[in-house]
$ cat my_file.cif   # mmCIF, C-alpha atoms
data_query
#
loop_
_atom_site.label_atom_id
_atom_site.label_comp_id
_atom_site.auth_asym_id
_atom_site.auth_seq_id
_atom_site.Cartn_x
_atom_site.Cartn_y
_atom_site.Cartn_z
CA MET R 29 -73.25 42.37 -17.73
CA LYS R 30 -76.19 39.97 -17.87
CA ALA R 31 -78.19 39.34 -14.71
CA ASN R 32 -81.32 37.20 -14.41
CA TYR R 33 -83.77 38.84 -12.02
CA PHE R 34 -86.50 37.00 -10.15
CA LEU R 35 -89.66 39.11 -10.36
CA GLY R 36 -91.88 36.96 -8.16
CA ASN R 37 -94.82 34.79 -9.24
CA GLY R 38 -92.52 32.33 -11.00
CA LYS R 39 -91.15 34.92 -13.43
CA PHE R 40 -87.58 35.79 -14.41
CA GLU R 41 -86.20 38.59 -16.56
CA VAL R 42 -82.72 38.82 -18.09
CA ARG R 43 -81.40 42.38 -17.83
CA GLU R 44 -78.28 44.07 -19.15
CA VAL R 45 -76.99 46.10 -16.20
CA PRO R 46 -73.68 47.77 -15.29
CA VAL R 47 -71.06 45.67 -13.54
CA PRO R 48 -71.41 46.64 -9.86
CA GLU R 49 -68.63 48.47 -8.05
CA PRO R 50 -67.51 46.91 -4.77
CA LYS R 51 -68.22 49.10 -1.77
CA PRO R 52 -65.80 49.39 1.15
CA GLY R 53 -65.26 45.93 2.60
CA GLU R 54 -66.64 44.22 -0.51
CA VAL R 55 -65.19 42.27 -3.41
CA LEU R 56 -66.38 41.93 -7.01
CA ILE R 57 -66.64 38.32 -8.18
CA ARG R 58 -66.86 37.09 -11.75
CA VAL R 59 -69.26 34.20 -11.24
CA ALA R 60 -68.12 30.90 -12.71
CA ALA R 61 -70.80 28.60 -11.35
CA CYS R 62 -73.92 28.89 -9.21
CA GLY R 63 -75.98 25.90 -8.16
CA VAL R 64 -79.75 25.74 -8.32
CA CYS R 65 -80.86 24.83 -4.81
CA GLY R 66 -84.09 23.29 -3.60
CA THR R 67 -84.60 26.59 -1.79
CA ASP R 68 -84.52 28.38 -5.17
CA VAL R 69 -87.30 26.04 -6.29
CA HIS R 70 -89.31 26.91 -3.17
CA ILE R 71 -88.77 30.63 -3.84
CA TYR R 72 -89.84 30.14 -7.46
CA HIS R 73 -93.13 28.70 -6.15
CA GLY R 74 -93.67 31.62 -3.77
CA ASP R 75 -92.18 30.37 -0.49
CA LYS R 76 -89.50 32.20 1.51
CA GLY R 77 -85.83 31.29 1.54
CA SER R 78 -83.53 31.51 4.55
CA ALA R 79 -84.76 35.11 4.67
CA GLU R 80 -87.71 36.92 3.12
CA VAL R 81 -87.35 37.41 -0.64
CA CYS R 82 -87.80 40.95 -1.98
CA PRO R 83 -88.26 40.90 -5.79
CA PRO R 84 -86.86 42.03 -8.10
CA VAL R 85 -83.69 40.29 -6.98
CA VAL R 86 -80.96 38.13 -8.49
CA LEU R 87 -81.21 34.75 -6.80
CA GLY R 88 -78.37 32.22 -6.53
CA HIS R 89 -76.68 31.53 -3.19
CA GLU R 90 -74.45 28.54 -4.08
CA LEU R 91 -71.74 30.41 -5.95
CA ALA R 92 -68.05 30.35 -6.73
CA GLY R 93 -65.92 32.50 -8.96
CA ILE R 94 -62.83 34.64 -9.39
CA VAL R 95 -62.25 37.92 -7.58
CA GLU R 96 -61.95 40.75 -10.12
CA LYS R 97 -61.70 43.80 -7.87
CA THR R 98 -61.67 44.71 -4.20
CA GLY R 99 -63.17 47.67 -2.39
CA GLU R 100 -61.56 49.98 0.12
CA GLY R 101 -60.48 48.27 3.34
CA VAL R 102 -60.33 44.75 1.93
CA CYS R 103 -57.14 43.14 3.25
CA TYR R 104 -57.42 39.36 3.07
CA ILE R 105 -58.94 38.54 -0.32
CA ARG R 106 -57.02 39.58 -3.46
CA PRO R 107 -57.89 39.96 -7.16
CA GLY R 108 -57.34 36.63 -8.89
CA ASP R 109 -58.36 34.56 -5.86
CA HIS R 110 -60.78 31.73 -6.50
CA VAL R 111 -63.47 31.90 -3.85
CA THR R 112 -66.66 30.33 -2.59
CA VAL R 113 -69.24 32.51 -0.84
CA ASP R 114 -71.10 31.92 2.41
CA PRO R 115 -74.38 33.65 1.54
CA ASN R 116 -75.76 34.13 5.06
CA ILE R 117 -75.04 37.42 6.80
CA TYR R 118 -76.02 37.69 10.46
CA CYS R 119 -76.67 40.85 12.48
CA GLY R 120 -74.44 39.77 15.39
CA LYS R 121 -76.62 41.75 17.82
CA CYS R 122 -79.89 39.88 18.31
CA ARG R 123 -80.47 37.37 21.11
CA PHE R 124 -79.80 34.34 18.91
CA CYS R 125 -76.56 35.71 17.49
CA ARG R 126 -75.40 36.47 21.03
CA ILE R 127 -76.15 33.00 22.41
CA GLY R 128 -74.38 31.09 19.63
CA LYS R 129 -77.43 30.29 17.48
CA LYS R 130 -76.85 32.74 14.66
CA GLN R 131 -78.79 30.56 12.19
CA MET R 132 -81.90 31.78 14.04
CA CYS R 133 -80.92 35.45 13.53
CA GLY R 134 -83.99 37.63 13.35
CA HIS R 135 -82.28 40.08 10.98
CA LEU R 136 -80.64 37.59 8.61
CA THR R 137 -79.84 38.78 5.11
CA ALA R 138 -78.64 36.42 2.43
CA ILE R 139 -76.79 36.81 -0.84
CA GLY R 140 -78.97 35.36 -3.57
CA VAL R 141 -82.12 35.58 -1.44
CA ASN R 142 -82.79 39.21 -0.53
CA ARG R 143 -79.52 40.59 -1.84
CA ASP R 144 -78.36 40.11 -5.46
CA GLY R 145 -76.55 36.82 -5.87
CA GLY R 146 -74.93 34.45 -8.32
CA PHE R 147 -77.37 34.11 -11.22
CA ALA R 148 -75.49 36.89 -12.97
CA GLU R 149 -72.11 37.36 -14.62
CA TYR R 150 -70.80 39.37 -11.66
CA CYS R 151 -71.82 40.05 -8.08
CA THR R 152 -70.44 41.91 -5.09
CA VAL R 153 -70.19 40.34 -1.64
CA PRO R 154 -68.59 41.26 1.69
CA GLU R 155 -65.01 40.06 2.04
CA SER R 156 -66.05 38.34 5.27
CA GLN R 157 -68.24 35.93 3.28
CA CYS R 158 -65.43 34.71 0.98
CA PHE R 159 -63.38 31.54 1.42
CA ARG R 160 -60.45 30.70 -0.84
CA LEU R 161 -60.49 27.69 -3.14
CA ASN R 162 -57.49 25.90 -4.61
CA LYS R 163 -56.95 27.26 -8.11
CA GLU R 164 -56.52 23.73 -9.47
CA LEU R 165 -60.07 22.92 -8.37
CA PRO R 166 -62.87 23.22 -10.98
CA LEU R 167 -64.97 26.18 -9.88
CA LYS R 168 -68.18 24.18 -10.33
CA TYR R 169 -66.93 22.10 -7.37
CA GLY R 170 -66.52 25.32 -5.41
CA ALA R 171 -70.20 26.07 -6.00
CA MET R 172 -71.00 22.92 -3.99
CA THR R 173 -69.44 24.40 -0.84
CA GLU R 174 -72.63 26.00 0.47
CA PRO R 175 -74.78 22.85 0.29
CA LEU R 176 -71.90 20.86 1.81
CA ALA R 177 -71.65 23.44 4.61
CA CYS R 178 -75.37 22.99 5.34
CA CYS R 179 -74.83 19.21 5.41
CA LEU R 180 -71.98 19.63 7.90
CA HIS R 181 -74.27 21.54 10.25
CA GLY R 182 -76.81 18.74 9.85
CA MET R 183 -74.14 16.13 10.60
CA ASP R 184 -73.19 18.02 13.74
CA ARG R 185 -76.86 17.86 14.76
CA ALA R 186 -77.22 14.16 13.89
CA GLY R 187 -74.29 13.17 16.10
CA ILE R 188 -72.98 10.13 14.23
CA ARG R 189 -70.54 8.07 16.29
CA GLN R 190 -67.90 5.73 14.90
CA GLY R 191 -69.54 2.38 14.25
CA ASP R 192 -73.10 3.70 13.93
CA THR R 193 -75.40 2.44 11.20
CA VAL R 194 -76.88 5.23 9.08
CA CYS R 195 -79.90 5.32 6.79
CA VAL R 196 -80.14 8.23 4.34
CA ILE R 197 -83.62 8.95 2.97
CA GLY R 198 -83.37 10.55 -0.49
CA GLY R 199 -80.56 10.36 -3.05
CA GLY R 200 -80.52 13.88 -4.44
CA ALA R 201 -77.44 16.06 -4.16
CA ILE R 202 -77.88 16.50 -0.40
CA GLY R 203 -78.42 12.81 0.27
CA LEU R 204 -75.36 11.91 -1.80
CA LEU R 205 -73.27 14.39 0.17
CA MET R 206 -74.64 12.97 3.43
CA ILE R 207 -73.60 9.45 2.40
CA GLN R 208 -70.01 10.62 1.96
CA LEU R 209 -69.98 12.59 5.21
CA ALA R 210 -71.42 9.63 7.12
CA LYS R 211 -68.61 7.46 5.81
CA LEU R 212 -66.01 10.08 6.75
CA SER R 213 -67.59 10.22 10.23
CA GLY R 214 -66.93 6.52 10.78
CA ALA R 215 -70.34 4.97 10.09
CA SER R 216 -70.01 1.19 9.92
CA MET R 217 -72.77 0.92 7.34
CA VAL R 218 -74.66 3.46 5.23
CA ILE R 219 -77.95 2.54 3.56
CA LEU R 220 -79.66 4.74 0.98
CA SER R 221 -83.42 4.72 0.43
CA GLU R 222 -84.19 6.25 -2.98
CA PRO R 223 -86.82 5.42 -5.64
CA SER R 224 -84.65 6.46 -8.63
CA GLU R 225 -82.44 3.66 -9.93
CA LYS R 226 -79.99 6.20 -11.36
CA ARG R 227 -79.58 7.90 -8.00
CA ARG R 228 -79.29 4.57 -6.18
CA ASP R 229 -76.45 3.61 -8.53
CA VAL R 230 -74.66 6.90 -7.88
CA GLY R 231 -75.16 6.45 -4.14
CA MET R 232 -73.52 3.04 -4.26
CA ARG R 233 -70.56 4.41 -6.19
CA LEU R 234 -70.15 7.20 -3.63
CA GLY R 235 -70.00 4.88 -0.65
CA ALA R 236 -73.42 3.51 0.28
CA ASP R 237 -73.24 -0.13 1.34
CA TYR R 238 -76.83 -0.87 0.31
CA ALA R 239 -79.48 0.96 -1.72
CA ILE R 240 -83.19 0.29 -1.22
CA ASP R 241 -86.07 1.11 -3.57
CA PRO R 242 -88.82 2.23 -1.12
CA VAL R 243 -91.50 2.00 -3.82
CA HIS R 244 -91.05 -1.73 -4.41
CA GLU R 245 -89.49 -2.77 -1.10
CA ARG R 246 -90.67 -2.40 2.50
CA LEU R 247 -87.99 -0.27 4.13
CA PRO R 248 -88.35 -1.55 7.73
CA GLU R 249 -88.17 -5.19 6.63
CA ARG R 250 -85.18 -4.60 4.35
CA LEU R 251 -83.35 -2.72 7.09
CA GLU R 252 -83.97 -5.52 9.58
CA LYS R 253 -82.66 -8.06 7.07
CA ILE R 254 -79.53 -5.99 6.35
CA LEU R 255 -78.79 -4.82 9.89
CA GLY R 256 -80.11 -7.72 11.95
CA THR R 257 -82.03 -5.22 14.07
CA LYS R 258 -85.13 -3.07 13.63
CA GLY R 259 -83.87 0.25 12.32
CA ALA R 260 -80.69 2.28 11.99
CA ASP R 261 -78.79 4.17 14.70
CA VAL R 262 -79.00 7.41 12.73
CA VAL R 263 -81.55 8.37 10.05
CA ILE R 264 -81.03 11.44 7.87
CA GLU R 265 -84.06 12.58 5.86
CA CYS R 266 -83.03 14.64 2.81
CA VAL R 267 -86.28 15.12 0.85
CA GLY R 268 -88.54 17.51 2.74
CA SER R 269 -91.81 15.68 2.07
CA LYS R 270 -94.39 14.20 4.45
CA ALA R 271 -93.84 10.72 2.98
CA ALA R 272 -90.07 10.93 3.45
CA ALA R 273 -90.43 12.10 7.07
CA GLU R 274 -92.78 9.21 7.83
CA GLN R 275 -90.37 6.80 6.16
CA ALA R 276 -87.53 8.20 8.25
CA ILE R 277 -89.43 7.56 11.48
CA MET R 278 -90.08 3.95 10.39
CA ALA R 279 -86.36 3.53 9.60
CA ALA R 280 -85.22 4.70 13.04
CA GLY R 281 -84.14 2.03 15.49
CA LYS R 282 -84.35 2.12 19.27
CA GLY R 283 -82.38 5.04 20.71
CA ALA R 284 -81.88 6.47 17.22
CA SER R 285 -81.05 10.01 16.23
CA LEU R 286 -83.39 11.28 13.49
CA LEU R 287 -82.41 14.34 11.46
CA LEU R 288 -85.16 15.95 9.38
CA PHE R 289 -82.87 17.86 7.03
CA GLY R 290 -85.00 18.26 3.87
CA VAL R 291 -86.60 21.67 3.30
CA PRO R 292 -90.39 21.21 3.38
CA ALA R 293 -92.98 23.26 1.53
CA ALA R 294 -94.69 25.94 3.61
CA GLY R 295 -97.43 24.48 5.77
CA SER R 296 -96.22 20.87 5.53
CA VAL R 297 -97.42 18.67 8.39
CA CYS R 298 -96.42 15.12 9.30
CA GLY R 299 -98.28 12.86 11.69
CA LEU R 300 -95.90 11.88 14.49
CA PRO R 301 -96.33 8.39 15.98
CA LEU R 302 -95.89 9.38 19.61
CA GLU R 303 -95.77 5.77 20.80
CA ASP R 304 -92.72 5.16 18.57
CA VAL R 305 -91.02 8.30 19.85
CA PHE R 306 -91.64 7.13 23.41
CA HIS R 307 -90.74 3.45 23.11
CA LYS R 308 -87.78 3.97 20.78
CA GLU R 309 -86.61 7.03 22.76
CA LEU R 310 -86.02 8.89 19.51
CA ARG R 311 -84.05 12.13 19.29
CA ILE R 312 -85.54 14.25 16.49
CA SER R 313 -83.66 17.28 15.17
CA GLY R 314 -84.01 19.87 12.44
CA SER R 315 -81.16 21.71 10.74
CA MET R 316 -81.14 25.31 9.55
CA ILE R 317 -78.54 26.63 7.05
CA ASN R 318 -74.79 26.64 7.80
CA PRO R 319 -73.63 28.56 10.88
CA ASP R 320 -69.81 28.54 11.01
CA THR R 321 -69.45 25.47 8.77
CA HIS R 322 -68.60 27.11 5.42
CA GLY R 323 -64.88 27.18 6.14
CA ARG R 324 -64.91 23.49 7.07
CA ALA R 325 -66.79 22.71 3.85
CA ALA R 326 -64.28 24.65 1.75
CA ALA R 327 -61.43 22.77 3.44
CA LEU R 328 -63.08 19.43 2.65
CA ILE R 329 -63.62 20.37 -1.00
CA ASN R 330 -60.06 21.68 -1.31
CA SER R 331 -58.82 18.37 0.12
CA GLY R 332 -60.56 16.32 -2.58
CA LYS R 333 -62.15 14.04 0.03
CA ILE R 334 -65.67 14.77 -1.27
CA ARG R 335 -66.54 13.41 -4.73
CA LEU R 336 -68.61 15.92 -6.68
CA GLU R 337 -68.34 15.19 -10.40
CA GLU R 338 -71.20 12.68 -10.46
CA LEU R 339 -73.48 15.05 -8.58
CA ILE R 340 -73.31 17.84 -11.18
CA THR R 341 -75.51 16.55 -13.99
CA HIS R 342 -76.69 19.61 -15.94
CA SER R 343 -75.44 23.12 -16.73
CA TYR R 344 -77.10 26.19 -18.25
CA PRO R 345 -76.08 29.74 -19.15
CA VAL R 346 -77.51 32.50 -16.99
CA GLU R 347 -80.05 33.39 -19.70
CA LYS R 348 -81.61 29.91 -19.34
CA LEU R 349 -82.17 30.09 -15.58
CA GLU R 350 -85.86 29.21 -15.72
CA GLU R 351 -85.04 26.06 -17.69
CA ALA R 352 -82.40 25.24 -15.09
CA VAL R 353 -84.93 25.62 -12.25
CA HIS R 354 -87.39 23.31 -14.01
CA MET R 355 -84.61 20.77 -14.61
CA GLN R 356 -83.73 20.85 -10.90
CA MET R 357 -87.35 19.97 -10.11
CA GLY R 358 -87.19 16.74 -12.08
CA MET R 359 -85.78 13.32 -11.25
CA GLU R 360 -83.50 13.38 -14.30
CA SER R 361 -81.11 15.79 -12.59
CA ILE R 362 -79.11 15.66 -9.38
CA LYS R 363 -77.45 19.09 -9.21
CA VAL R 364 -78.02 21.74 -11.85
CA MET R 365 -75.48 24.55 -12.32
CA VAL R 366 -75.80 27.97 -13.94
CA GLY R 367 -72.82 29.96 -15.18
CA SER R 368 -69.68 29.78 -17.28
CA PHE R 369 -67.61 26.72 -16.50
CA SER R 370 -64.82 27.70 -18.91
CA MET R 371 -63.15 29.67 -16.11
CA LYS R 372 -60.56 27.62 -14.26
#
$ encode --input "my_file.cif" --output "structure tokens"
Amino acid sequence: MKANYFLGNGKFEVREVPVPEPKPGEVLIRVAACGVCGTDVHIYHGDKGSAEVCPPVVLGHELAGIVEKTGEGVCYIRPGDHVTVDPNIYCGKCRFCRIGKKQMCGHLTAIGVNRDGGFAEYCTVPESQCFRLNKELPLKYGAMTEPLACCLHGMDRAGIRQGDTVCVIGGGAIGLLMIQLAKLSGASMVILSEPSEKRRDVGMRLGADYAIDPVHERLPERLEKILGTKGADVVIECVGSKAAAEQAIMAAGKGASLLLFGVPAAGSVCGLPLEDVFHKELRISGSMINPDTHGRAAALINSGKIRLEELITHSYPVEKLEEAVHMQMGMESIKVMVGSFSMK
């Protein structure tokens, strides 16, 4: 089989290697689609992922495919099942796992980060990490389960109430998922702030009530004009940059919940206007990966309540992974996929 190994220092190498045999408790998956994540871009540039990266390794943690074979002791998943994979594997023994904060696990391992993942024709994963997909569902949609699961954890942290106004900063794949989840959560109005006209248009089609160009419009003034008050009840930042975080703070109204969801580059620092935090009584949260939300995400995707087709803009074969990573870096793309989408 072909597997594209990350060697570190921004280098990949396609290798012809044997198809792996599933160990006890594992399943062998023929990968249909694997998304290129912003975390993959960070890893490409030398940062860590959800866990430390140990090259050479096959990256790719947003994967879906068809089960080809099962190892000894596997009893729930069967050959022929269409599955999505939760990549994060927790130790279950450390303090954070034992107090219900497994996303902080000190011994976290992750498929496609420090264990071979989906940028290959086949991969093996523990049965416990697999969630069934409807066979009628395009498998490229299944590869969106992991980012949706991360968004669900973020939504749990943001605490949207029915009737809240929501401002989403950034209209990439994550922001466009957040718009849909905010609507499903009962937001009375969702406003997208995004400099790309293409992404603003997609955001409007997916449920945003207004879309603002923050380059040519003053976000606080536009929000006040739209909402009749200074700032939104909930602000969800989905970029990971200093500028986006500062914009999110400006967009937050009095008593607002502010979720800094975007993954920042290592060492990123944002000046925090303490007076605003005090006078607005802001609640500021971060969000780390997807503890216990992957099953909920798979159920949402199986239900068809999340629109995904417009998010998936580019696809590449596994041999062209580096091109796919560079495409994901640009504004032309929303979500880039790697794999064989002929499998249904």
$ residues_around --input "my_file.cif" --residues "Asn37 in chain R" --least-positions-apart "6" --cutoff "8 Å" --atoms "only C-alpha atoms" --output "PyMOL selection string"
chain R and resi 72-74
$ resolve_selection --input "my_file.cif" --expression "the PyMOL selection byres ((chain R and resi 362) around 10)" --output "VMD selection string"
chain R and resid 199 to 202 204 226 to 227 230 338 to 342 355 to 361 363 to 364
$ residues_around --input "my_file.cif" --residues "Val55 in chain R" --least-positions-apart "2" --cutoff "12 Å" --atoms "all atoms listed in the file" --output "NGL selection string"
:R and (48-53 or 57-59 or 93-111 or 113 or 150-159)
$ atom_distance --input "my_file.cif" --atom1 "CA of Leu205 in chain R" --atom2 "CA of Cys62 in chain R"
17.3 Å
$ resolve_selection --input "my_file.cif" --expression "the PyMOL selection byres ((chain R and resi 132) around 10)" --output "PyMOL selection string"
chain R and resi 78+118+122-125+128-131+133-136+316-317+319
$ residues_around --input "my_file.cif" --residues "Pro175 in chain R" --least-positions-apart "2" --cutoff "9 Å" --atoms "all atoms listed in the file" --output "list in words"
Cys65, Glu90, Ala171, Met172, Thr173, Ala177, Cys178, Cys179, Leu180, Ala201, Ile202, Leu205, Ile317, Asn318 and Ala325 of chain R
$ closest_residue --input "my_file.cif" --among "R:Pro301, R:Pro83, R:Gly77, R:Gly314" --to "Phe40 in chain R" --atoms "only C-alpha atoms"
R:Pro83
$ closest_residue --input "my_file.cif" --among "R:Cys195, R:Ala271, R:Ile71, R:Val45" --to "Ile240 in chain R" --atoms "only C-alpha atoms"
R:Cys195
